[in-house]
$ cat start-v1.tsv   # TSV, C-alpha atoms
chain	number	residue	atom	x	y	z
A	1	MET	CA	51.55	143.27	145.45
A	2	SER	CA	53.16	143.90	148.86
A	3	HIS	CA	56.19	142.22	150.43
A	4	GLU	CA	53.86	140.17	152.60
A	5	ASP	CA	51.98	138.95	149.53
A	6	TRP	CA	55.24	137.82	147.96
A	7	LYS	CA	56.18	135.88	151.06
A	8	LEU	CA	52.72	134.34	151.27
A	9	ALA	CA	52.88	133.22	147.64
A	10	TRP	CA	56.35	131.85	148.30
A	11	SER	CA	55.23	129.83	151.32
A	12	GLU	CA	52.24	128.49	149.39
A	13	MET	CA	54.68	127.25	146.79
A	14	ASP	CA	56.57	125.44	149.59
A	15	ARG	CA	53.45	123.46	150.38
A	16	ARG	CA	53.07	122.54	146.72
A	17	VAL	CA	56.69	121.41	146.49
A	18	ASP	CA	56.25	119.28	149.60
A	19	GLN	CA	53.56	117.32	147.83
A	20	GLN	CA	55.81	116.51	144.88
A	21	ASP	CA	57.10	113.08	145.82
A	22	ALA	CA	57.71	112.30	142.18
A	23	TRP	CA	60.29	115.08	142.01
A	24	LEU	CA	62.55	113.44	144.60
A	25	ARG	CA	62.07	110.00	143.09
A	26	ALA	CA	63.03	111.29	139.63
A	27	LEU	CA	66.07	112.96	141.14
A	28	ARG	CA	67.15	109.74	142.80
A	29	ASP	CA	66.70	107.66	139.66
A	30	ASP	CA	68.39	110.13	137.37
A	31	ARG	CA	72.09	109.57	138.06
A	32	ARG	CA	74.26	112.23	136.45
A	33	THR	CA	77.89	113.20	136.56
A	34	ASP	CA	79.05	115.53	139.30
A	35	VAL	CA	80.18	118.31	136.94
A	36	LEU	CA	81.83	120.69	139.38
A	37	GLY	CA	83.48	117.89	141.34
A	38	ALA	CA	84.68	116.25	138.12
A	39	THR	CA	86.17	119.54	136.90
A	40	LEU	CA	88.11	120.08	140.11
A	41	ARG	CA	89.17	116.42	140.21
A	42	SER	CA	90.49	116.47	136.63
A	43	LEU	CA	92.26	119.76	137.34
A	44	ARG	CA	93.82	118.20	140.44
A	45	ILE	CA	95.00	115.12	138.50
A	46	GLY	CA	96.42	117.39	135.78
A	47	GLN	CA	98.35	119.37	138.36
A	48	TRP	CA	99.81	116.24	139.95
A	49	ILE	CA	100.99	115.09	136.51
A	50	GLN	CA	102.49	118.56	135.89
A	51	LEU	CA	104.22	118.37	139.26
A	52	VAL	CA	105.78	114.95	138.58
A	53	VAL	CA	106.82	115.87	135.03
A	54	GLY	CA	108.19	119.19	136.31
A	55	ILE	CA	110.31	117.47	138.96
A	56	PHE	CA	111.64	115.01	136.37
A	57	PHE	CA	112.67	117.77	133.96
A	58	ALA	CA	114.04	119.96	136.75
A	59	ILE	CA	116.45	117.12	137.54
A	60	VAL	CA	117.26	116.54	133.87
A	61	PHE	CA	117.84	120.23	133.05
A	62	GLY	CA	119.61	120.87	136.34
A	63	SER	CA	122.13	118.12	135.71
A	64	PHE	CA	122.45	119.32	132.09
A	65	TRP	CA	123.74	122.80	132.95
A	66	VAL	CA	125.92	121.47	135.77
A	67	HIS	CA	127.63	119.16	133.26
A	68	HIS	CA	128.06	121.91	130.66
A	69	ARG	CA	129.61	124.65	132.73
A	70	ASP	CA	132.48	124.74	130.23
A	71	SER	CA	130.18	126.11	127.52
A	72	VAL	CA	128.42	129.39	128.30
A	73	SER	CA	125.71	128.90	125.66
A	74	LEU	CA	124.82	125.38	126.84
A	75	MET	CA	124.98	126.37	130.50
A	76	LEU	CA	122.64	129.34	129.94
A	77	THR	CA	120.32	127.09	127.92
A	78	GLY	CA	120.26	124.59	130.77
A	79	ILE	CA	119.67	127.28	133.39
A	80	PHE	CA	116.75	128.71	131.38
A	81	LEU	CA	115.14	125.27	131.01
A	82	HIS	CA	115.82	124.45	134.65
A	83	ALA	CA	114.06	127.65	135.71
A	84	TYR	CA	111.18	126.81	133.38
A	85	ALA	CA	110.80	123.35	134.93
A	86	LEU	CA	110.94	124.85	138.43
A	87	SER	CA	108.22	127.34	137.51
A	88	THR	CA	105.95	124.47	136.35
A	89	ILE	CA	106.49	122.79	139.75
A	90	LEU	CA	105.67	125.98	141.65
A	91	ALA	CA	102.63	126.67	139.46
A	92	ALA	CA	101.26	123.15	139.97
A	93	ALA	CA	101.88	123.35	143.72
A	94	ARG	CA	100.08	126.68	143.97
A	95	THR	CA	97.12	125.40	141.91
A	96	LEU	CA	96.86	122.32	144.14
A	97	TYR	CA	96.95	124.55	147.20
A	98	LEU	CA	94.18	126.77	145.79
A	99	ILE	CA	92.04	123.73	144.89
A	100	GLY	CA	92.51	122.50	148.44
A	101	THR	CA	91.15	125.77	149.85
A	102	VAL	CA	87.83	125.46	147.95
A	103	ASP	CA	85.19	124.15	150.33
A	104	GLY	CA	81.64	123.88	149.04
A	105	THR	CA	80.26	123.86	152.58
A	106	ALA	CA	81.85	127.19	153.56
A	107	PRO	CA	79.91	130.49	153.42
A	108	VAL	CA	78.97	131.34	149.84
A	109	LEU	CA	81.11	134.45	149.49
A	110	ASP	CA	84.14	132.67	150.89
A	111	THR	CA	83.79	129.72	148.51
A	112	GLN	CA	83.07	131.91	145.51
A	113	ARG	CA	86.04	134.14	146.34
A	114	ARG	CA	88.31	131.11	146.51
A	115	LEU	CA	86.95	129.78	143.23
A	116	ALA	CA	87.47	133.19	141.65
A	117	ALA	CA	91.04	133.26	143.00
A	118	LEU	CA	91.66	129.83	141.49
A	119	ARG	CA	90.27	130.91	138.12
A	120	SER	CA	92.22	134.16	138.19
A	121	TRP	CA	95.41	132.29	139.05
A	122	LYS	CA	94.85	129.80	136.20
A	123	VAL	CA	94.42	132.72	133.79
A	124	ARG	CA	97.65	134.39	134.95
A	125	GLU	CA	99.43	131.05	134.86
A	126	GLY	CA	98.22	130.57	131.29
A	127	TRP	CA	99.67	133.96	130.37
A	128	TRP	CA	103.01	133.15	131.96
A	129	PHE	CA	103.40	129.76	130.29
A	130	GLY	CA	102.12	131.17	127.03
A	131	VAL	CA	104.81	133.86	127.05
A	132	ILE	CA	107.61	131.51	128.12
A	133	GLY	CA	106.38	128.69	125.87
A	134	SER	CA	106.56	131.00	122.83
A	135	VAL	CA	110.35	131.16	123.15
A	136	ALA	CA	111.14	128.04	125.19
A	137	TRP	CA	111.35	125.82	122.14
A	138	VAL	CA	114.62	127.52	121.09
A	139	PRO	CA	116.61	126.40	124.16
A	140	LEU	CA	114.77	123.06	123.95
A	141	LEU	CA	116.11	122.66	120.41
A	142	ILE	CA	119.65	123.48	121.59
A	143	TRP	CA	119.26	121.03	124.48
A	144	ALA	CA	118.00	118.25	122.17
A	145	PHE	CA	120.95	118.70	119.81
A	146	ALA	CA	123.33	118.78	122.76
A	147	LEU	CA	122.03	115.39	123.88
A	148	GLY	CA	123.27	114.09	120.53
A	149	GLY	CA	126.66	115.70	121.14
A	150	VAL	CA	126.09	118.74	118.90
A	151	ASN	CA	126.49	122.27	120.22
A	152	LEU	CA	124.08	123.98	117.86
A	153	TYR	CA	125.00	127.49	118.97
A	154	ALA	CA	128.73	126.90	118.48
A	155	GLN	CA	128.29	125.17	115.11
A	156	ASN	CA	125.61	127.36	113.56
A	157	PRO	CA	124.98	130.58	115.49
A	158	VAL	CA	123.14	132.14	112.54
A	159	PHE	CA	120.60	129.31	112.59
A	160	VAL	CA	120.10	129.77	116.34
A	161	GLY	CA	119.80	133.52	115.80
A	162	TRP	CA	116.97	132.97	113.34
A	163	GLN	CA	115.26	130.62	115.78
A	164	VAL	CA	115.43	133.35	118.41
A	165	VAL	CA	113.88	135.81	115.94
A	166	ALA	CA	111.13	133.27	115.14
A	167	GLY	CA	110.58	132.74	118.88
A	168	LEU	CA	110.19	136.47	119.44
A	169	GLY	CA	107.73	136.51	116.53
A	170	CYS	CA	105.68	133.78	118.24
A	171	LEU	CA	105.80	135.78	121.44
A	172	GLY	CA	104.55	138.88	119.63
A	173	VAL	CA	101.65	136.95	118.06
A	174	PHE	CA	100.74	135.44	121.43
A	175	VAL	CA	100.72	138.83	123.15
A	176	LEU	CA	98.59	140.36	120.37
A	177	VAL	CA	96.05	137.52	120.52
A	178	MET	CA	95.83	137.75	124.31
A	179	ARG	CA	95.35	141.52	124.20
A	180	TYR	CA	92.57	141.00	121.66
A	181	VAL	CA	90.89	138.40	123.87
A	182	ARG	CA	91.27	140.59	126.93
A	183	SER	CA	89.72	143.59	125.24
A	184	GLY	CA	86.71	141.41	124.36
A	185	GLY	CA	87.05	142.48	120.74
A	186	LYS	CA	84.82	139.75	119.41
A	187	ASP	CA	81.66	138.26	120.88
A	188	GLY	CA	82.98	134.71	120.85
A	189	LEU	CA	86.15	135.69	122.63
A	190	GLU	CA	84.45	138.01	125.07
A	191	ARG	CA	83.32	135.09	127.15
A	192	SER	CA	86.86	133.85	127.53
A	193	ALA	CA	88.40	132.58	130.75
A	194	VAL	CA	89.99	136.00	131.23
A	195	ALA	CA	86.64	137.77	131.04
A	196	ARG	CA	84.97	135.23	133.32
A	197	ALA	CA	87.70	135.43	135.96
A	198	GLN	CA	87.54	139.23	135.92
A	199	ARG	CA	83.74	139.24	136.05
A	200	ALA	CA	83.65	136.84	138.99
A	201	LEU	CA	85.99	139.07	140.99
A	202	VAL	CA	84.10	142.24	140.04
A	203	ASP	CA	80.76	140.65	141.04
A	204	LEU	CA	82.10	139.58	144.42
A	205	ASP	CA	83.67	142.96	145.01
A	206	ARG	CA	80.46	144.75	144.09
A	207	PHE	CA	78.33	142.50	146.30
A	208	THR	CA	80.49	142.92	149.39
A	209	LYS	CA	80.91	146.69	148.98
A	210	GLU	CA	77.34	147.66	148.10
B	211	MET	CA	78.13	98.84	155.80
B	212	ARG	CA	75.35	99.22	158.37
B	213	GLN	CA	76.69	102.65	159.29
B	214	ASN	CA	76.58	103.65	155.65
B	215	GLU	CA	72.99	102.49	155.30
B	216	GLU	CA	72.06	104.45	158.37
B	217	ARG	CA	73.74	107.53	156.96
B	218	GLN	CA	71.93	107.11	153.64
B	219	ARG	CA	68.60	106.78	155.41
B	220	ARG	CA	69.30	109.85	157.50
B	221	PHE	CA	70.38	111.87	154.47
B	222	ALA	CA	67.28	110.83	152.53
B	223	GLY	CA	65.10	111.89	155.45
B	224	LEU	CA	66.73	115.31	155.76
B	225	LEU	CA	66.72	115.82	151.98
B	226	THR	CA	63.03	115.01	151.83
B	227	GLU	CA	62.32	117.38	154.66
B	228	HIS	CA	64.24	120.25	153.07
B	229	ARG	CA	63.82	119.43	149.38
B	230	ARG	CA	62.16	122.78	148.77
B	231	ILE	CA	65.59	124.41	149.13
B	232	VAL	CA	67.03	122.37	146.26
B	233	PHE	CA	63.96	123.00	144.19
B	234	LYS	CA	63.94	126.75	144.70
B	235	VAL	CA	67.68	127.34	144.32
B	236	ALA	CA	67.69	125.33	141.08
B	237	ARG	CA	64.72	127.22	139.79
B	238	VAL	CA	66.22	130.62	140.52
B	239	TYR	CA	69.55	129.86	138.83
B	240	ALA	CA	68.77	127.42	136.03
B	241	ARG	CA	67.83	128.32	132.48
B	242	GLY	CA	65.15	125.97	131.29
B	243	GLU	CA	63.88	122.57	132.37
B	244	GLU	CA	66.89	120.46	131.43
B	245	ASP	CA	69.32	122.85	133.09
B	246	ARG	CA	67.16	122.86	136.20
B	247	ARG	CA	67.16	119.07	136.46
B	248	ASP	CA	70.95	119.03	136.00
B	249	LEU	CA	71.38	121.64	138.70
B	250	GLU	CA	69.10	119.79	141.12
B	251	GLN	CA	71.13	116.66	140.52
B	252	ASP	CA	74.41	118.53	141.00
B	253	ILE	CA	73.20	120.00	144.26
B	254	VAL	CA	72.02	116.67	145.67
B	255	LEU	CA	75.32	115.03	144.66
B	256	GLN	CA	77.34	117.72	146.40
B	257	LEU	CA	75.11	117.47	149.48
B	258	TRP	CA	75.64	113.72	149.63
B	259	ARG	CA	79.42	114.08	149.21
B	260	ALA	CA	79.61	116.67	151.95
B	261	PHE	CA	77.17	114.91	154.28
B	262	PRO	CA	79.84	112.94	156.23
B	263	ARG	CA	81.29	116.32	157.28
B	264	TYR	CA	77.93	117.73	158.34
B	265	ASP	CA	78.03	118.99	161.91
B	266	ASP	CA	74.88	117.96	163.81
B	267	THR	CA	75.02	121.02	166.00
B	268	ARG	CA	74.30	123.28	163.00
B	269	ARG	CA	70.95	123.70	161.30
B	270	PHE	CA	70.70	121.37	158.33
B	271	SER	CA	68.80	123.93	156.24
B	272	THR	CA	71.56	126.54	156.66
B	273	TRP	CA	74.21	124.00	155.71
B	274	MET	CA	72.09	122.91	152.76
B	275	TYR	CA	71.64	126.49	151.55
B	276	ARG	CA	75.38	127.06	151.57
B	277	ILE	CA	76.07	124.03	149.42
B	278	ALA	CA	73.13	124.53	147.09
B	279	LEU	CA	74.02	128.17	146.47
B	280	ASN	CA	77.70	127.39	146.00
B	281	VAL	CA	76.87	124.76	143.40
B	282	ALA	CA	74.36	127.03	141.67
B	283	LEU	CA	76.69	130.04	141.60
B	284	SER	CA	79.55	127.94	140.24
B	285	GLY	CA	77.14	126.73	137.55
B	286	VAL	CA	76.22	130.29	136.64
B	287	ARG	CA	79.88	131.07	136.06
B	288	ARG	CA	80.35	127.92	133.99
B	289	ASP	CA	77.39	128.90	131.84
B	290	ALA	CA	79.22	132.02	130.78
B	291	VAL	CA	81.17	129.93	128.25
B	292	ARG	CA	78.09	128.64	126.47
B	293	PRO	CA	77.89	129.34	122.73
B	294	ALA	CA	76.69	132.77	121.70
B	295	SER	CA	73.54	131.33	120.10
B	296	SER	CA	72.53	129.75	123.41
B	297	GLN	CA	73.37	132.98	125.21
B	298	GLU	CA	71.12	134.95	122.87
B	299	LEU	CA	68.26	132.62	123.70
B	300	ASP	CA	68.96	133.11	127.39
B	301	ASP	CA	68.78	136.85	126.92
B	302	GLN	CA	65.20	136.40	125.80
B	303	LEU	CA	64.47	134.68	129.11
B	304	PRO	CA	65.54	137.17	131.73
B	305	GLY	CA	63.81	135.48	134.65
B	306	GLY	CA	64.41	132.27	136.53
B	307	THR	CA	63.51	128.96	134.93
B	308	PRO	CA	60.65	129.65	132.52
B	309	ILE	CA	58.61	126.59	133.40
B	310	SER	CA	54.89	126.67	133.85
B	311	GLU	CA	54.01	127.96	137.30
B	312	PRO	CA	50.39	127.66	138.40
B	313	ASP	CA	50.66	130.58	140.79
B	314	GLU	CA	50.99	133.75	138.77
B	315	ARG	CA	52.48	135.66	141.70
B	316	VAL	CA	55.28	133.12	142.07
B	317	ALA	CA	55.89	133.16	138.33
B	318	GLN	CA	56.23	136.94	138.49
B	319	LEU	CA	58.60	136.68	141.41
B	320	TYR	CA	60.84	134.22	139.60
B	321	GLN	CA	60.89	136.44	136.56
B	322	ALA	CA	61.81	139.47	138.64
B	323	ILE	CA	64.45	137.66	140.71
B	324	GLY	CA	66.05	136.38	137.52
B	325	ARG	CA	66.91	139.94	136.55
B	326	PHE	CA	69.10	140.37	139.65
B	327	GLU	CA	72.81	139.57	139.77
B	328	PRO	CA	73.50	135.96	140.89
B	329	LEU	CA	74.71	136.91	144.39
B	330	ASP	CA	71.76	139.25	144.93
B	331	ARG	CA	69.45	136.41	143.91
B	332	ALA	CA	70.89	134.29	146.73
B	333	LEU	CA	70.04	136.96	149.29
B	334	LEU	CA	66.55	137.47	147.87
B	335	LEU	CA	65.90	133.76	147.98
B	336	LEU	CA	66.82	133.67	151.66
B	337	TYR	CA	64.69	136.73	152.33
B	338	LEU	CA	61.63	135.24	150.63
B	339	ASP	CA	62.17	132.05	152.60
B	340	ASP	CA	61.87	134.16	155.73
B	341	ARG	CA	65.27	133.19	157.07
B	342	PRO	CA	66.54	135.20	160.05
B	343	HIS	CA	69.22	137.76	159.21
B	344	ALA	CA	71.72	135.78	161.28
B	345	ASP	CA	71.09	132.72	159.09
B	346	MET	CA	71.49	134.76	155.92
B	347	ALA	CA	74.76	136.14	157.26
B	348	ASP	CA	75.93	132.63	158.09
B	349	VAL	CA	75.02	131.24	154.67
B	350	LEU	CA	76.58	134.07	152.70
B	351	GLY	CA	79.48	135.08	154.93
B	352	LEU	CA	78.33	138.67	155.54
B	353	THR	CA	77.76	140.51	158.80
B	354	VAL	CA	74.19	140.71	160.13
B	355	SER	CA	74.10	144.49	159.77
B	356	HIS	CA	75.34	144.25	156.18
B	357	VAL	CA	72.58	141.75	155.44
B	358	GLY	CA	70.01	144.19	156.83
B	359	THR	CA	71.26	147.02	154.64
B	360	LYS	CA	71.38	144.89	151.52
B	361	ILE	CA	67.93	143.41	152.11
B	362	GLY	CA	66.48	146.90	152.34
B	363	ARG	CA	67.93	147.86	148.96
B	364	LEU	CA	66.97	144.58	147.32
B	365	LYS	CA	63.37	144.82	148.52
B	366	GLU	CA	63.11	148.27	147.02
B	367	ARG	CA	64.52	147.08	143.71
B	368	LEU	CA	62.29	144.01	143.74
B	369	ARG	CA	59.28	146.26	144.21
B	370	ARG	CA	60.34	148.26	141.14
B	371	GLU	CA	60.94	145.09	139.13
B	372	MET	CA	57.50	143.79	140.04
B	373	THR	CA	55.88	146.89	138.60
B	374	ASP	CA	57.08	145.68	135.17
B	375	ALA	CA	55.09	142.50	135.70
B	376	PRO	CA	52.61	142.93	132.79
B	377	VAL	CA	55.48	142.82	130.30
B	378	ASN	CA	56.88	139.72	131.98
B	379	HIS	CA	53.51	138.00	131.88
B	380	ARG	CA	53.46	138.12	128.13
B	381	ARG	CA	57.01	136.84	127.94
B	382	ASN	CA	56.29	134.04	130.39
B	383	ASP	CA	53.18	133.00	128.47
B	384	HIS	CA	55.23	132.86	125.31
B	385	VAL	CA	57.94	130.72	126.86
B	386	ALA	CA	55.85	128.35	128.96
$ encode --input "start-v1.tsv" --output "structure tokens"
Amino acid sequence: MSHEDWKLAWSEMDRRVDQQDAWLRALRDDRRTDVLGATLRSLRIGQWIQLVVGIFFAIVFGSFWVHHRDSVSLMLTGIFLHAYALSTILAAARTLYLIGTVDGTAPVLDTQRRLAALRSWKVREGWWFGVIGSVAWVPLLIWAFALGGVNLYAQNPVFVGWQVVAGLGCLGVFVLVMRYVRSGGKDGLERSAVARAQRALVDLDRFTKE
Amino acid sequence: MRQNEERQRRFAGLLTEHRRIVFKVARVYARGEEDRRDLEQDIVLQLWRAFPRYDDTRRFSTWMYRIALNVALSGVRRDAVRPASSQELDDQLPGGTPISEPDERVAQLYQAIGRFEPLDRALLLLYLDDRPHADMADVLGLTVSHVGTKIGRLKERLRREMTDAPVNHRRNDHVA
């Protein structure tokens, strides 16, 4: 079968499709959810919520360390949490920016590259917040006690020390799990967001360089 | 209100005229009948959403290809998270949508195209539709010369894939 035969068969199929009025009618009657649009919309809403919550806690934690400059432990706790809140704001802002750059009417490679960049960013963001989140609960605990007027570190440094050890343990477990996922050690995990983001970028790179 | 009705009528007319694009893109990227119907629906929805931004000075078919392929390619990536059992089934169906195709040559083509990488499939689809290289470049975002080079390679690979057709026939018969 030659190239011309393929094209002839293809154009004959066009004529057949043109006669299928029922196809278009069925399509019109069958209302479904806009999956891709819904995914981006829910992601956008989630990022706006993260942005608002981040701003709220940036103010709360910022004022906390400013008011506790007399205690080094509380001030450092406040600064850590303040930085954490600021990073959630920056992450949400960057995600919103990346969502805004995705245009389904742009050339295919451009759109797919932007989608891949968004996915890749979400994966890296997940790593970052996973790492920080593994230990962030220790300063959060100190902050919560401080709201009740108790300086946990000053009153029971051993307890805080053990919390730090537990936090580092959580961090170690998180890093091990992520390395396992990244290596694609198990079939079910191989198709993770990490693998998909990497594959999308590799595919695009291959296509444009070949 | 009247403007909206006019827009709807115009969209329906253009969609009817170029429906083969939706049909073919969905068939090349979907896995099975249900998936194909979902993809067709997704494409039409995205076309309708984007229609207010459609620039009359551009060819509608080129604009339509961009959107249809973007939706289909995003769907292909989403599918990568399907359960392993579903993925195994997909592996048994290497071609495009395994629905019954009266023309054996077209069925073979779909089977062969389905074995290409998703982005290569997009280029092959445009090639089989006899689109000018400039259109292909515009749809995909490549240079015209790059399109020419890639088409040459893809045609050669497609020819090789088509020589495996007898094997695919049996598989297609089994699935259909």
$ closest_atom_pairs --input "start-v1.tsv" --of "chain B" --to "chain A" --cutoff "6 Å" --atoms "all atoms listed in the file" --output "JSON lines"
{"residue": "B:Asp252", "atom": "CA", "partner": "A:Asp34", "partner_atom": "CA", "distance": 5.8}
{"residue": "B:Arg276", "atom": "CA", "partner": "A:Val108", "partner_atom": "CA", "distance": 5.8}
{"residue": "B:Ile277", "atom": "CA", "partner": "A:Thr105", "partner_atom": "CA", "distance": 5.3}
{"residue": "B:Asn280", "atom": "CA", "partner": "A:Val108", "partner_atom": "CA", "distance": 5.7}
{"residue": "B:Val291", "atom": "CA", "partner": "A:Arg191", "partner_atom": "CA", "distance": 5.7}
{"residue": "B:Leu338", "atom": "CA", "partner": "A:Lys7", "partner_atom": "CA", "distance": 5.5}
{"residue": "B:Val349", "atom": "CA", "partner": "A:Pro107", "partner_atom": "CA", "distance": 5.1}
{"residue": "B:Leu350", "atom": "CA", "partner": "A:Val108", "partner_atom": "CA", "distance": 4.6}
{"residue": "B:Gly351", "atom": "CA", "partner": "A:Pro107", "partner_atom": "CA", "distance": 4.9}
$ closest_residue --input "start-v1.tsv" --among "A:Arg179, A:Gly167, A:Arg113, A:Leu96" --to "Ser42 (chain A)" --atoms "all atoms listed in the file"
A:Leu96
$ atom_distance --input "start-v1.tsv" --atom1 "CA of Val173 (chain A)" --atom2 "CA of Val135 (chain A)"
11.6 Å
$ atom_distance --input "start-v1.tsv" --atom1 "CA of Thr88 (chain A)" --atom2 "CA of Leu171 (chain A)"
18.7 Å
$ atom_distance --input "start-v1.tsv" --atom1 "CA of Phe61 (chain A)" --atom2 "CA of Val131 (chain A)"
19.8 Å
$ residues_around --input "start-v1.tsv" --residues "Asp245 (chain B)" --least-positions-apart "5" --cutoff "10 Å" --atoms "only C-alpha atoms" --output "list in words"
Ala236, Arg237, Tyr239, Ala240, Glu250, Gln251, Gly285 and Thr307 of chain B
$ write_last_selection --input "start-v1.tsv" --atoms "C-alpha atoms" --output "mmCIF file, in the coordinates of the input"
data_model
loop_
_atom_site.group_PDB
_atom_site.id
_atom_site.type_symbol
_atom_site.label_atom_id
_atom_site.label_comp_id
_atom_site.auth_asym_id
_atom_site.auth_seq_id
_atom_site.Cartn_x
_atom_site.Cartn_y
_atom_site.Cartn_z
ATOM 1 C CA ALA B 236 67.690 125.330 141.080
ATOM 2 C CA ARG B 237 64.720 127.220 139.790
ATOM 3 C CA TYR B 239 69.550 129.860 138.830
ATOM 4 C CA ALA B 240 68.770 127.420 136.030
ATOM 5 C CA GLU B 250 69.100 119.790 141.120
ATOM 6 C CA GLN B 251 71.130 116.660 140.520
ATOM 7 C CA GLY B 285 77.140 126.730 137.550
ATOM 8 C CA THR B 307 63.510 128.960 134.930
#
$ closest_residue --input "start-v1.tsv" --among "A:Leu176, A:Ala83, A:Leu118, A:Ala154" --to "Ala136 (chain A)" --atoms "all atoms listed in the file"
A:Ala83
$ residues_around --input "start-v1.tsv" --residues "Asp265 (chain B)" --least-positions-apart "6" --cutoff "12 Å" --atoms "only C-alpha atoms" --output "ChimeraX atom specification"
/A:105 /B:271-274
